[in-house]
$ cat protein_39.cif   # mmCIF, C-alpha atoms
data_target
loop_
_atom_site.label_atom_id
_atom_site.label_comp_id
_atom_site.auth_asym_id
_atom_site.auth_seq_id
_atom_site.Cartn_x
_atom_site.Cartn_y
_atom_site.Cartn_z
CA MET A 172 12.04 16.91 -5.92
CA LYS A 173 10.26 19.11 -8.43
CA LEU A 174 8.50 22.18 -7.14
CA ASP A 175 7.28 23.17 -10.53
CA ASP A 176 4.49 21.19 -12.23
CA LYS A 177 4.62 23.06 -15.49
CA GLY A 178 7.21 22.77 -18.19
CA ILE A 179 9.22 25.73 -19.41
CA LEU A 180 9.26 27.09 -22.94
CA ILE A 181 12.88 27.09 -24.07
CA VAL A 182 13.69 29.14 -27.13
CA ILE A 183 16.93 28.24 -28.86
CA SER A 184 17.84 30.96 -31.29
CA GLY A 185 20.81 32.86 -32.71
CA PRO A 186 22.24 34.03 -36.01
CA SER A 187 21.90 31.74 -39.01
CA GLY A 188 24.93 29.55 -39.45
CA VAL A 189 25.65 29.31 -35.74
CA GLY A 190 24.61 25.67 -35.47
CA LYS A 191 21.29 25.94 -33.59
CA GLY A 192 19.98 22.69 -35.11
CA THR A 193 23.05 20.69 -34.11
CA VAL A 194 22.94 21.99 -30.56
CA ARG A 195 19.25 21.18 -30.33
CA SER A 196 19.85 17.60 -31.57
CA ALA A 197 22.63 17.11 -29.01
CA LEU A 198 20.32 18.40 -26.30
CA PHE A 199 17.62 15.89 -27.20
CA GLN A 200 20.14 13.07 -27.20
CA MET A 201 21.06 13.76 -23.57
CA GLY A 202 19.25 11.67 -21.00
CA GLY A 203 17.20 12.51 -17.92
CA HIS A 204 14.84 15.09 -19.32
CA ASP A 205 11.30 15.59 -20.52
CA LEU A 206 11.96 17.73 -23.58
CA VAL A 207 9.65 17.90 -26.53
CA TYR A 208 10.20 19.70 -29.76
CA SER A 209 7.48 22.07 -30.84
CA ILE A 210 6.07 21.27 -34.27
CA SER A 211 5.70 24.29 -36.52
CA MET A 212 2.78 25.15 -38.75
CA THR A 213 3.38 26.01 -42.40
CA THR A 214 1.54 26.84 -45.59
CA ARG A 215 4.05 25.12 -47.84
CA LYS A 216 3.13 21.72 -49.32
CA PRO A 217 4.40 18.56 -47.60
CA ARG A 218 7.41 16.92 -49.27
CA VAL A 219 7.58 13.19 -49.86
CA ASN A 220 7.77 11.39 -46.49
CA GLU A 221 6.65 14.44 -44.54
CA VAL A 222 3.66 13.75 -42.31
CA HIS A 223 1.12 16.26 -41.01
CA GLY A 224 1.67 16.59 -37.26
CA ARG A 225 5.17 15.13 -37.39
CA GLU A 226 7.40 17.43 -39.48
CA TYR A 227 4.86 20.24 -39.63
CA TYR A 228 1.19 21.03 -39.35
CA PHE A 229 0.38 21.65 -42.99
CA VAL A 230 -2.40 24.20 -43.41
CA SER A 231 -3.80 26.46 -46.09
CA HIS A 232 -2.78 30.07 -46.52
CA GLU A 233 -6.22 31.15 -45.35
CA GLU A 234 -6.14 28.99 -42.26
CA PHE A 235 -2.73 30.35 -41.26
CA GLU A 236 -3.90 33.93 -41.69
CA ASN A 237 -6.91 33.20 -39.52
CA TYR A 238 -4.56 32.00 -36.80
CA ILE A 239 -2.57 35.22 -37.09
CA GLU A 240 -5.66 37.42 -37.00
CA GLU A 241 -7.04 35.63 -33.98
CA GLY A 242 -3.74 36.09 -32.13
CA LYS A 243 -3.17 32.34 -31.95
CA MET A 244 0.42 32.34 -33.22
CA LEU A 245 3.20 32.49 -30.66
CA GLU A 246 5.56 33.56 -33.44
CA TYR A 247 5.61 33.40 -37.22
CA ALA A 248 7.46 34.61 -40.27
CA GLU A 249 7.11 34.56 -44.03
CA PHE A 250 9.83 32.98 -46.17
CA VAL A 251 9.63 32.65 -49.95
CA ASP A 252 5.85 33.18 -50.09
CA HIS A 253 5.10 30.71 -47.30
CA TYR A 254 4.24 31.17 -43.66
CA TYR A 255 6.05 29.28 -40.92
CA GLY A 256 5.23 29.61 -37.26
CA THR A 257 4.32 28.16 -33.88
CA PRO A 258 0.67 27.82 -32.86
CA TYR A 259 0.23 28.88 -29.25
CA ASP A 260 -2.35 26.26 -28.18
CA LYS A 261 -0.15 23.23 -28.93
CA VAL A 262 2.72 24.71 -26.95
CA LYS A 263 0.46 25.51 -24.01
CA GLN A 264 -0.94 21.95 -23.90
CA GLN A 265 2.53 20.49 -23.70
CA LEU A 266 3.73 22.97 -21.06
CA ASP A 267 0.66 22.27 -18.90
CA SER A 268 1.38 18.55 -19.05
CA GLY A 269 4.82 19.25 -17.52
CA LYS A 270 6.93 18.92 -20.65
CA GLU A 271 9.73 21.30 -21.54
CA VAL A 272 8.93 22.63 -24.98
CA VAL A 273 11.91 23.52 -27.14
CA LEU A 274 11.56 25.99 -30.00
CA GLU A 275 14.44 26.38 -32.40
CA ILE A 276 13.74 29.59 -34.27
CA GLU A 277 15.22 32.66 -35.92
CA VAL A 278 16.01 35.83 -33.99
CA GLN A 279 12.95 37.55 -35.43
CA GLY A 280 10.65 34.84 -34.03
CA ALA A 281 12.39 34.92 -30.66
CA SER A 282 11.53 38.59 -30.22
CA GLN A 283 7.85 37.75 -30.82
CA VAL A 284 8.01 35.06 -28.13
CA ARG A 285 9.62 37.55 -25.73
CA GLU A 286 6.58 39.82 -26.15
CA LYS A 287 3.99 37.09 -25.72
CA MET A 288 5.38 34.76 -23.07
CA LYS A 289 7.25 36.58 -20.36
CA ASP A 290 8.31 33.39 -18.59
CA ALA A 291 9.86 31.70 -21.64
CA ILE A 292 13.63 31.26 -21.46
CA LEU A 293 15.42 32.77 -24.43
CA ILE A 294 18.82 31.30 -25.15
CA PHE A 295 21.07 32.95 -27.70
CA ILE A 296 23.44 30.48 -29.33
CA ALA A 297 26.51 32.52 -30.18
CA PRO A 298 29.50 31.78 -32.40
CA PRO A 299 32.85 31.66 -30.55
CA SER A 300 34.18 34.28 -33.00
CA MET A 301 33.16 36.11 -36.15
CA GLU A 302 35.81 34.14 -38.08
CA ASP A 303 34.11 30.94 -36.99
CA LEU A 304 30.74 32.23 -38.19
CA TYR A 305 32.20 33.37 -41.54
CA LYS A 306 33.66 29.92 -42.02
CA ARG A 307 30.34 28.23 -41.31
CA LEU A 308 28.48 30.59 -43.63
CA THR A 309 30.94 30.22 -46.50
CA THR A 310 31.54 26.48 -46.40
CA ARG A 311 27.85 25.75 -46.46
CA GLY A 312 27.24 25.67 -50.17
CA THR A 313 27.98 27.31 -53.44
CA GLU A 314 26.46 30.73 -52.78
CA SER A 315 27.89 33.84 -54.40
CA GLN A 316 30.07 36.29 -52.52
CA GLU A 317 27.13 38.70 -52.43
CA VAL A 318 24.78 36.21 -50.79
CA ILE A 319 27.44 35.37 -48.22
CA GLN A 320 28.12 39.05 -47.50
CA ALA A 321 24.39 39.64 -46.99
CA ARG A 322 24.26 36.75 -44.53
CA ILE A 323 27.20 38.09 -42.57
CA GLU A 324 25.57 41.50 -42.31
CA LYS A 325 22.36 39.85 -41.13
CA ALA A 326 24.29 37.79 -38.55
CA LYS A 327 25.89 40.98 -37.21
CA ARG A 328 22.50 42.62 -36.81
CA GLU A 329 21.24 39.50 -35.04
CA ILE A 330 24.21 39.41 -32.67
CA ASN A 331 23.36 42.98 -31.70
CA LEU A 332 19.99 41.70 -30.51
CA ALA A 333 21.52 39.28 -28.01
CA TYR A 334 20.74 41.68 -25.12
CA MET A 335 17.04 40.76 -25.49
CA TYR A 336 17.75 37.15 -24.48
CA ASP A 337 18.09 35.65 -21.01
CA TYR A 338 21.23 33.65 -21.65
CA ILE A 339 24.14 33.59 -24.07
CA VAL A 340 25.57 30.15 -24.77
CA VAL A 341 28.69 30.07 -26.90
CA ASN A 342 28.72 27.17 -29.35
CA ASP A 343 32.42 26.40 -28.89
CA THR A 344 31.67 22.70 -28.92
CA VAL A 345 28.20 21.22 -29.42
CA GLU A 346 28.53 19.13 -26.22
CA ASN A 347 29.44 22.15 -24.10
CA ALA A 348 26.57 24.15 -25.50
CA ALA A 349 23.98 21.37 -24.98
CA ASP A 350 25.31 20.74 -21.49
CA LYS A 351 25.01 24.39 -20.58
CA ILE A 352 21.44 24.54 -21.85
CA MET A 353 20.57 21.56 -19.66
CA ALA A 354 22.08 23.36 -16.64
CA ILE A 355 19.99 26.42 -17.51
CA ILE A 356 16.79 24.37 -17.62
CA ARG A 357 17.56 22.76 -14.25
CA ALA A 358 18.44 26.11 -12.67
CA GLU A 359 15.30 27.78 -14.03
CA HIS A 360 13.13 25.15 -12.35
CA ALA A 361 14.68 26.12 -9.00
CA LYS A 362 14.00 29.86 -9.50
CA VAL A 363 12.07 31.27 -6.61
CA GLU A 364 9.30 32.73 -8.82
CA ARG A 365 8.58 29.28 -10.17
CA THR A 366 8.77 27.39 -6.90
CA ILE A 367 7.67 29.52 -3.97
CA HIS A 368 3.91 28.95 -4.17
CA LYS A 369 4.12 25.21 -4.56
CA TYR A 370 6.76 25.04 -1.86
CA LYS A 371 4.74 26.94 0.72
CA GLU A 372 1.72 24.84 -0.10
CA MET A 373 3.78 21.73 0.43
CA LEU A 374 5.04 22.84 3.81
CA GLU A 375 1.75 24.43 4.82
CA VAL A 376 3.70 27.05 6.71
CA ASN A 377 0.99 29.62 6.16
CA LYS A 378 -1.67 27.56 7.89
CA MET B 125 34.18 29.24 -23.19
CA LYS B 126 33.73 31.61 -20.27
CA LEU B 127 32.30 35.04 -21.00
CA ASP B 128 32.53 36.11 -17.42
CA ASP B 129 35.91 36.87 -15.84
CA LYS B 130 34.59 37.44 -12.38
CA GLY B 131 33.41 34.85 -9.93
CA ILE B 132 29.93 34.89 -8.45
CA LEU B 133 29.10 35.20 -4.77
CA ILE B 134 26.96 32.20 -3.90
CA VAL B 135 25.06 32.36 -0.64
CA ILE B 136 23.89 29.03 0.72
CA SER B 137 21.37 29.62 3.44
CA GLY B 138 18.16 28.25 4.90
CA PRO B 139 16.59 27.36 8.23
CA SER B 140 18.79 25.84 10.91
CA GLY B 141 18.68 22.06 10.84
CA VAL B 142 18.16 21.87 7.08
CA GLY B 143 21.64 20.53 6.35
CA LYS B 144 23.34 23.56 4.76
CA GLY B 145 26.78 22.41 5.89
CA THR B 146 26.41 18.93 4.43
CA VAL B 147 25.20 20.30 1.10
CA ARG B 148 28.10 22.74 1.01
CA SER B 149 30.61 19.93 1.69
CA ALA B 150 29.10 17.82 -1.10
CA LEU B 151 29.32 20.79 -3.45
CA PHE B 152 33.02 21.26 -2.72
CA GLN B 153 33.68 17.58 -3.30
CA MET B 154 32.32 17.79 -6.85
CA GLY B 155 34.91 18.32 -9.57
CA GLY B 156 35.27 20.86 -12.34
CA HIS B 157 34.79 24.07 -10.45
CA ASP B 158 36.68 26.98 -8.93
CA LEU B 159 34.81 27.31 -5.67
CA VAL B 160 36.33 28.81 -2.56
CA TYR B 161 34.81 29.01 0.85
CA SER B 162 34.71 32.42 2.45
CA ILE B 163 36.44 32.56 5.83
CA SER B 164 34.46 34.35 8.51
CA MET B 165 35.75 36.86 11.02
CA THR B 166 34.97 36.39 14.70
CA THR B 167 35.68 37.88 18.11
CA ARG B 168 35.65 34.55 19.89
CA LYS B 169 38.96 33.01 20.93
CA PRO B 170 40.52 30.34 18.68
CA ARG B 171 40.08 26.76 19.90
CA VAL B 172 42.95 24.28 19.94
CA ASN B 173 43.99 23.52 16.34
CA GLU B 174 42.16 26.52 14.94
CA VAL B 175 44.39 28.77 12.85
CA HIS B 176 43.89 32.46 12.10
CA GLY B 177 43.00 32.76 8.40
CA ARG B 178 42.01 29.11 8.09
CA GLU B 179 38.98 28.46 10.33
CA TYR B 180 38.37 32.13 11.05
CA TYR B 181 40.00 35.52 11.13
CA PHE B 182 40.27 36.01 14.87
CA VAL B 183 40.04 39.68 15.83
CA SER B 184 39.31 41.77 18.90
CA HIS B 185 35.88 43.10 19.77
CA GLU B 186 37.10 46.60 19.00
CA GLU B 187 38.52 45.64 15.63
CA PHE B 188 35.26 43.95 14.61
CA GLU B 189 33.21 46.98 15.62
CA ASN B 190 35.50 49.21 13.59
CA TYR B 191 34.78 47.01 10.56
CA ILE B 192 31.04 47.37 11.19
CA GLU B 193 31.20 51.13 11.62
CA GLU B 194 33.25 51.56 8.48
CA GLY B 195 30.72 49.51 6.49
CA LYS B 196 33.29 46.83 5.74
CA MET B 197 31.16 43.83 6.75
CA LEU B 198 29.15 42.11 4.06
CA GLU B 199 27.06 40.53 6.80
CA TYR B 200 27.43 39.85 10.49
CA ALA B 201 25.55 38.68 13.56
CA GLU B 202 26.09 38.41 17.28
CA PHE B 203 25.81 35.02 18.98
CA VAL B 204 26.46 34.45 22.69
CA ASP B 205 28.40 37.71 23.15
CA HIS B 206 30.59 37.20 20.10
CA TYR B 207 30.50 38.65 16.63
CA TYR B 208 30.65 36.48 13.54
CA GLY B 209 30.64 37.84 10.02
CA THR B 210 32.08 38.15 6.53
CA PRO B 211 34.52 40.95 5.72
CA TYR B 212 33.70 42.44 2.34
CA ASP B 213 37.27 43.05 1.09
CA LYS B 214 38.35 39.37 1.24
CA VAL B 215 35.26 38.30 -0.71
CA LYS B 216 35.82 40.97 -3.33
CA GLN B 217 39.48 39.95 -3.83
CA GLN B 218 38.46 36.37 -4.49
CA LEU B 219 35.60 37.31 -6.84
CA ASP B 220 37.89 39.59 -8.86
CA SER B 221 40.37 36.75 -9.29
CA GLY B 222 37.59 34.69 -10.93
CA LYS B 223 36.78 32.39 -8.03
CA GLU B 224 33.24 31.51 -7.02
CA VAL B 225 32.94 32.46 -3.37
CA VAL B 226 30.58 30.36 -1.31
CA LEU B 227 29.06 31.72 1.89
CA GLU B 228 27.13 29.36 4.12
CA ILE B 229 25.19 31.59 6.47
CA GLU B 230 21.99 32.05 8.45
CA VAL B 231 18.88 33.61 6.94
CA GLN B 232 19.51 36.86 8.82
CA GLY B 233 22.96 37.21 7.19
CA ALA B 234 21.58 36.37 3.75
CA SER B 235 19.20 39.32 3.89
CA GLN B 236 22.16 41.62 4.64
CA VAL B 237 24.01 40.26 1.58
CA ARG B 238 20.88 40.82 -0.55
CA GLU B 239 21.00 44.51 0.39
CA LYS B 240 24.71 44.97 -0.22
CA MET B 241 25.48 42.85 -3.28
CA LYS B 242 22.72 42.86 -5.83
CA ASP B 243 24.44 40.35 -8.09
CA ALA B 244 25.03 37.69 -5.44
CA ILE B 245 23.04 34.49 -5.92
CA LEU B 246 20.96 33.57 -2.91
CA ILE B 247 20.07 29.92 -2.64
CA PHE B 248 17.57 28.79 -0.04
CA ILE B 249 18.15 25.22 1.06
CA ALA B 250 14.73 23.92 1.98
CA PRO B 251 13.61 20.82 3.87
CA PRO B 252 11.51 18.38 1.80
CA SER B 253 8.81 18.56 4.50
CA MET B 254 8.24 20.04 7.95
CA GLU B 255 8.29 16.50 9.39
CA ASP B 256 11.76 16.05 7.99
CA LEU B 257 12.92 19.31 9.58
CA TYR B 258 11.35 18.38 12.95
CA LYS B 259 13.18 15.08 12.85
CA ARG B 260 16.51 16.77 12.12
CA LEU B 261 15.96 19.32 14.88
CA THR B 262 14.95 16.75 17.49
CA THR B 263 17.51 14.04 16.81
CA ARG B 264 20.37 16.49 17.03
CA GLY B 265 21.08 16.37 20.74
CA THR B 266 19.57 16.35 24.16
CA GLU B 267 17.78 19.69 24.08
CA SER B 268 14.58 20.24 26.04
CA GLN B 269 11.17 20.27 24.37
CA GLU B 270 11.08 24.03 24.83
CA VAL B 271 14.35 24.60 23.01
CA ILE B 272 13.20 22.37 20.16
CA GLN B 273 9.86 24.18 19.92
CA ALA B 274 11.64 27.53 19.76
CA ARG B 275 13.83 26.23 16.93
CA ILE B 276 10.81 25.00 14.99
CA GLU B 277 9.13 28.38 15.32
CA LYS B 278 12.33 30.06 14.13
CA ALA B 279 12.55 27.67 11.15
CA LYS B 280 8.96 28.54 10.18
CA ARG B 281 9.74 32.24 10.25
CA GLU B 282 12.85 31.60 8.14
CA ILE B 283 10.91 29.54 5.58
CA ASN B 284 8.57 32.49 5.19
CA LEU B 285 11.56 34.54 4.04
CA ALA B 286 12.35 32.22 1.13
CA TYR B 287 10.74 34.70 -1.32
CA MET B 288 13.76 36.99 -0.83
CA TYR B 289 16.08 34.40 -2.38
CA ASP B 290 16.81 33.71 -6.05
CA TYR B 291 16.49 29.94 -5.93
CA ILE B 292 14.91 27.29 -3.74
CA VAL B 293 16.78 23.99 -3.63
CA VAL B 294 15.07 21.19 -1.76
CA ASN B 295 17.49 19.08 0.25
CA ASP B 296 15.77 15.77 -0.57
CA THR B 297 19.16 14.12 -1.02
CA VAL B 298 22.48 15.87 -0.50
CA GLU B 299 23.69 14.81 -3.98
CA ASN B 300 20.60 16.22 -5.70
CA ALA B 301 20.91 19.48 -3.85
CA ALA B 302 24.65 19.90 -4.58
CA ASP B 303 24.07 18.97 -8.20
CA LYS B 304 21.33 21.53 -8.57
CA ILE B 305 23.52 24.25 -7.04
CA MET B 306 26.23 23.43 -9.57
CA ALA B 307 23.68 23.76 -12.40
CA ILE B 308 22.62 27.13 -10.97
CA ILE B 309 26.22 28.38 -10.93
CA ARG B 310 26.76 27.29 -14.53
CA ALA B 311 23.49 28.84 -15.68
CA GLU B 312 24.21 32.11 -13.88
CA HIS B 313 27.49 32.46 -15.75
CA ALA B 314 25.55 32.32 -19.03
CA LYS B 315 23.08 35.03 -17.95
CA VAL B 316 22.95 37.81 -20.48
CA GLU B 317 23.67 40.56 -17.90
CA ARG B 318 26.92 38.85 -16.99
CA THR B 319 28.04 38.02 -20.52
CA ILE B 320 26.85 40.57 -23.03
CA HIS B 321 29.63 43.15 -22.64
CA LYS B 322 32.46 40.68 -22.79
CA TYR B 323 30.79 38.89 -25.67
CA LYS B 324 30.35 41.99 -27.79
CA GLU B 325 33.92 42.98 -27.05
CA MET B 326 35.07 39.57 -28.18
CA LEU B 327 33.18 39.73 -31.45
CA GLU B 328 33.88 43.43 -31.97
CA VAL B 329 30.50 43.75 -33.62
CA ASN B 330 30.16 47.34 -32.52
CA LYS B 331 33.30 48.46 -34.31
#
$ encode --input "protein_39.cif" --output "structure tokens"
Amino acid sequence: MKLDDKGILIVISGPSGVGKGTVRSALFQMGGHDLVYSISMTTRKPRVNEVHGREYYFVSHEEFENYIEEGKMLEYAEFVDHYYGTPYDKVKQQLDSGKEVVLEIEVQGASQVREKMKDAILIFIAPPSMEDLYKRLTTRGTESQEVIQARIEKAKREINLAYMYDYIVVNDTVENAADKIMAIIRAEHAKVERTIHKYKEMLEVNK
Amino acid sequence: MKLDDKGILIVISGPSGVGKGTVRSALFQMGGHDLVYSISMTTRKPRVNEVHGREYYFVSHEEFENYIEEGKMLEYAEFVDHYYGTPYDKVKQQLDSGKEVVLEIEVQGASQVREKMKDAILIFIAPPSMEDLYKRLTTRGTESQEVIQARIEKAKREINLAYMYDYIVVNDTVENAADKIMAIIRAEHAKVERTIHKYKEMLEVNK
């Protein structure tokens, strides 16, 4: 029995290289849930096969900046001259319809969500060890030692921001991590703050 | 990977007649956990087949009152001239050894635990409807209408105390309820307050 009509905004974040995307995919492949993935908005041009409203909402630079100015972005960032972010209204629609909205974003974006939506759940995906993270960062491509070193330093700074999150889930195996996130979602729906009003209404104890 | 060496004190409580005992049994029958049941202390005499340290710690009235005076009881209550309660030291020993300690107690006892152990998890087992609770309370035995009415009034007062708990788990089916409690325990172990210190130590990011 569900005592909570609304969905929960679940933010999956963590240092780059930790495997956020893989964990998120595994989560969506699990059954028995009503998860939806939030579609980001961007100012970059669509690639071949990318469809507006599927991979991204593709908008102009001006349009994106209007969203920012009007406070309509839940979180956003600029990478290589393009904006990427999450429009608030789309997320709200989905939450109101009872869906769990999953955002997979960088640590910087997660701190913006923390400010704007107090009842979002922030989950920090953490590497099982620094060695593990180094390995993931170095075996990725053909980057120079300098680029890799810069990434490691960034990852360390991001790990120091883990205290701002609600949960830390160690990505020791993708299955474990996805499983733990599912347990977190189920537990959060039973939290007294989310359930008490509906529950009392249901029982009509206050009559 | 576990970032939390210590066990968590899990208090299963709720109005009488809601089926706390059945939910607790179902929880213990599930696999993959390290749950232990806390043994209560009482001043009543052992029945045939009851063993000291298995069903209860059987102590004298004087001994129990010494425990109370010295602040050594996590919670206690008096029923029909006998004391029943949970000695704090036994619970602490088990928590320190990494076991999850489960207490199944009345609402009155749960509020005492709330005061004394801030990091205990309080789970309110709730009936799916008042009709359901009435049915459970009336089909129990051969009590008079007056006794039943008194129990219903007590249950209503107890339901009004649900806000004091951390989670509300509706006992719609015993399996659902036990399953949800297990998700809560897993999620709580990933909570940032319980994990951040150990995690940072592990990564040695602060070095």
$ residues_around --input "protein_39.cif" --residues "region 300-313 of chain B" --least-positions-apart "3" --cutoff "10 Å" --atoms "all atoms listed in the file" --output "number ranges by chain"
A: 172, 338-340, 350-362; B: 126-134, 136, 144, 146-154, 156-157, 224, 245, 247, 249-250, 291-297, 316-319
$ atom_distance --input "protein_39.cif" --atom1 "CA of Tyr207 (chain B)" --atom2 "CA of Arg178 (chain B)"
17.2 Å
$ resolve_selection --input "protein_39.cif" --expression "the PyMOL selection byres ((chain B and resi 201) around 12)" --output "list of chain:residue names"
B:Ser164, B:Met165, B:Thr166, B:Thr167, B:Phe188, B:Glu189, B:Ile192, B:Met197, B:Leu198, B:Glu199, B:Tyr200, B:Glu202, B:Phe203, B:Val204, B:Asp205, B:His206, B:Tyr207, B:Tyr208, B:Gly209, B:Thr210, B:Ile229, B:Glu230, B:Val231, B:Gln232, B:Gly233, B:Ala234, B:Ser235, B:Gln236
$ resolve_selection --input "protein_39.cif" --expression "the PyMOL selection byres ((chain A and resi 265) around 12)" --output "PyMOL selection string"
chain A and resi 176-180+205-210+258-264+266-273
$ atom_distance --input "protein_39.cif" --atom1 "CA of Leu293 (chain A)" --atom2 "CA of Lys325 (chain A)"
19.4 Å
$ closest_residue --input "protein_39.cif" --among "B:Glu193, B:Glu187, B:Glu239, B:Glu179" --to "Met288 (chain B)" --atoms "all atoms listed in the file"
B:Glu239
$ atom_distance --input "protein_39.cif" --atom1 "CA of Val142 (chain B)" --atom2 "CA of Ser268 (chain B)"
19.4 Å
$ axis_aligned_box --input "protein_39.cif" --around "region 322-329 of chain A" --padding-each-side "8 Å" --output "JSON"
{"center_x": 24.2, "center_y": 39.7, "center_z": -39.8, "size_x": 22.0, "size_y": 21.9, "size_z": 25.5}
$ resolve_selection --input "protein_39.cif" --expression "the PyMOL selection byres ((chain B and resi 169) around 10)" --output "PDB file with C-alpha atoms, keeping the file's coordinate frame"
ATOM      1  CA  THR B 166      34.970  36.390  14.700  1.00  0.00           C
ATOM      2  CA  THR B 167      35.680  37.880  18.110  1.00  0.00           C
ATOM      3  CA  ARG B 168      35.650  34.550  19.890  1.00  0.00           C
ATOM      4  CA  PRO B 170      40.520  30.340  18.680  1.00  0.00           C
ATOM      5  CA  ARG B 171      40.080  26.760  19.900  1.00  0.00           C
ATOM      6  CA  VAL B 172      42.950  24.280  19.940  1.00  0.00           C
ATOM      7  CA  GLU B 174      42.160  26.520  14.940  1.00  0.00           C
ATOM      8  CA  TYR B 180      38.370  32.130  11.050  1.00  0.00           C
ATOM      9  CA  PHE B 182      40.270  36.010  14.870  1.00  0.00           C
ATOM     10  CA  VAL B 183      40.040  39.680  15.830  1.00  0.00           C
ATOM     11  CA  SER B 184      39.310  41.770  18.900  1.00  0.00           C
ATOM     12  CA  HIS B 206      30.590  37.200  20.100  1.00  0.00           C
TER      13      HIS B 206
END
$ closest_residue --input "protein_39.cif" --among "A:Gly185, A:Gly242, A:Gly190, A:Pro298" --to "chain B" --atoms "only C-alpha atoms"
A:Pro298
$ closest_residue --input "protein_39.cif" --among "B:Arg275, B:Ser253, B:Val298, B:Glu267" --to "chain A" --atoms "all atoms listed in the file"
B:Ser253
$ decode --input "protein_39.cif" --residues "region 233-245 of chain A" --atoms "N, CA and C atoms" --output "compact mmCIF listing (two decimals), in the first residue's frame"
# COMPACT_ATOMS: atom_id res chain seq x y z
N GLU A 233 19.59 31.75 -26.36
CA GLU A 233 18.74 32.79 -25.78
C GLU A 233 17.63 32.18 -24.92
N GLU A 234 17.03 31.15 -25.48
CA GLU A 234 15.93 30.50 -24.78
C GLU A 234 16.40 29.91 -23.43
N PHE A 235 17.57 29.30 -23.47
CA PHE A 235 18.14 28.70 -22.24
C PHE A 235 18.39 29.79 -21.21
N GLU A 236 18.96 30.91 -21.67
CA GLU A 236 19.26 31.99 -20.72
C GLU A 236 18.00 32.62 -20.14
N ASN A 237 16.94 32.61 -20.94
CA ASN A 237 15.65 33.06 -20.40
C ASN A 237 15.18 32.15 -19.26
N TYR A 238 15.32 30.86 -19.48
CA TYR A 238 14.97 29.88 -18.44
C TYR A 238 15.75 30.15 -17.16
N ILE A 239 17.05 30.39 -17.32
CA ILE A 239 17.89 30.66 -16.15
C ILE A 239 17.41 31.91 -15.42
N GLU A 240 17.22 32.98 -16.21
CA GLU A 240 16.82 34.26 -15.61
C GLU A 240 15.49 34.17 -14.89
N GLU A 241 14.59 33.37 -15.44
CA GLU A 241 13.26 33.26 -14.83
C GLU A 241 13.24 32.21 -13.70
N GLY A 242 14.40 31.69 -13.36
CA GLY A 242 14.48 30.73 -12.25
C GLY A 242 13.83 29.39 -12.56
N LYS A 243 13.75 29.05 -13.85
CA LYS A 243 13.05 27.82 -14.24
C LYS A 243 13.97 26.60 -14.37
N MET A 244 15.25 26.77 -14.10
CA MET A 244 16.15 25.62 -14.18
C MET A 244 16.38 25.04 -12.78
N LEU A 245 16.20 23.74 -12.68
CA LEU A 245 16.46 23.07 -11.41
C LEU A 245 17.97 23.03 -11.16
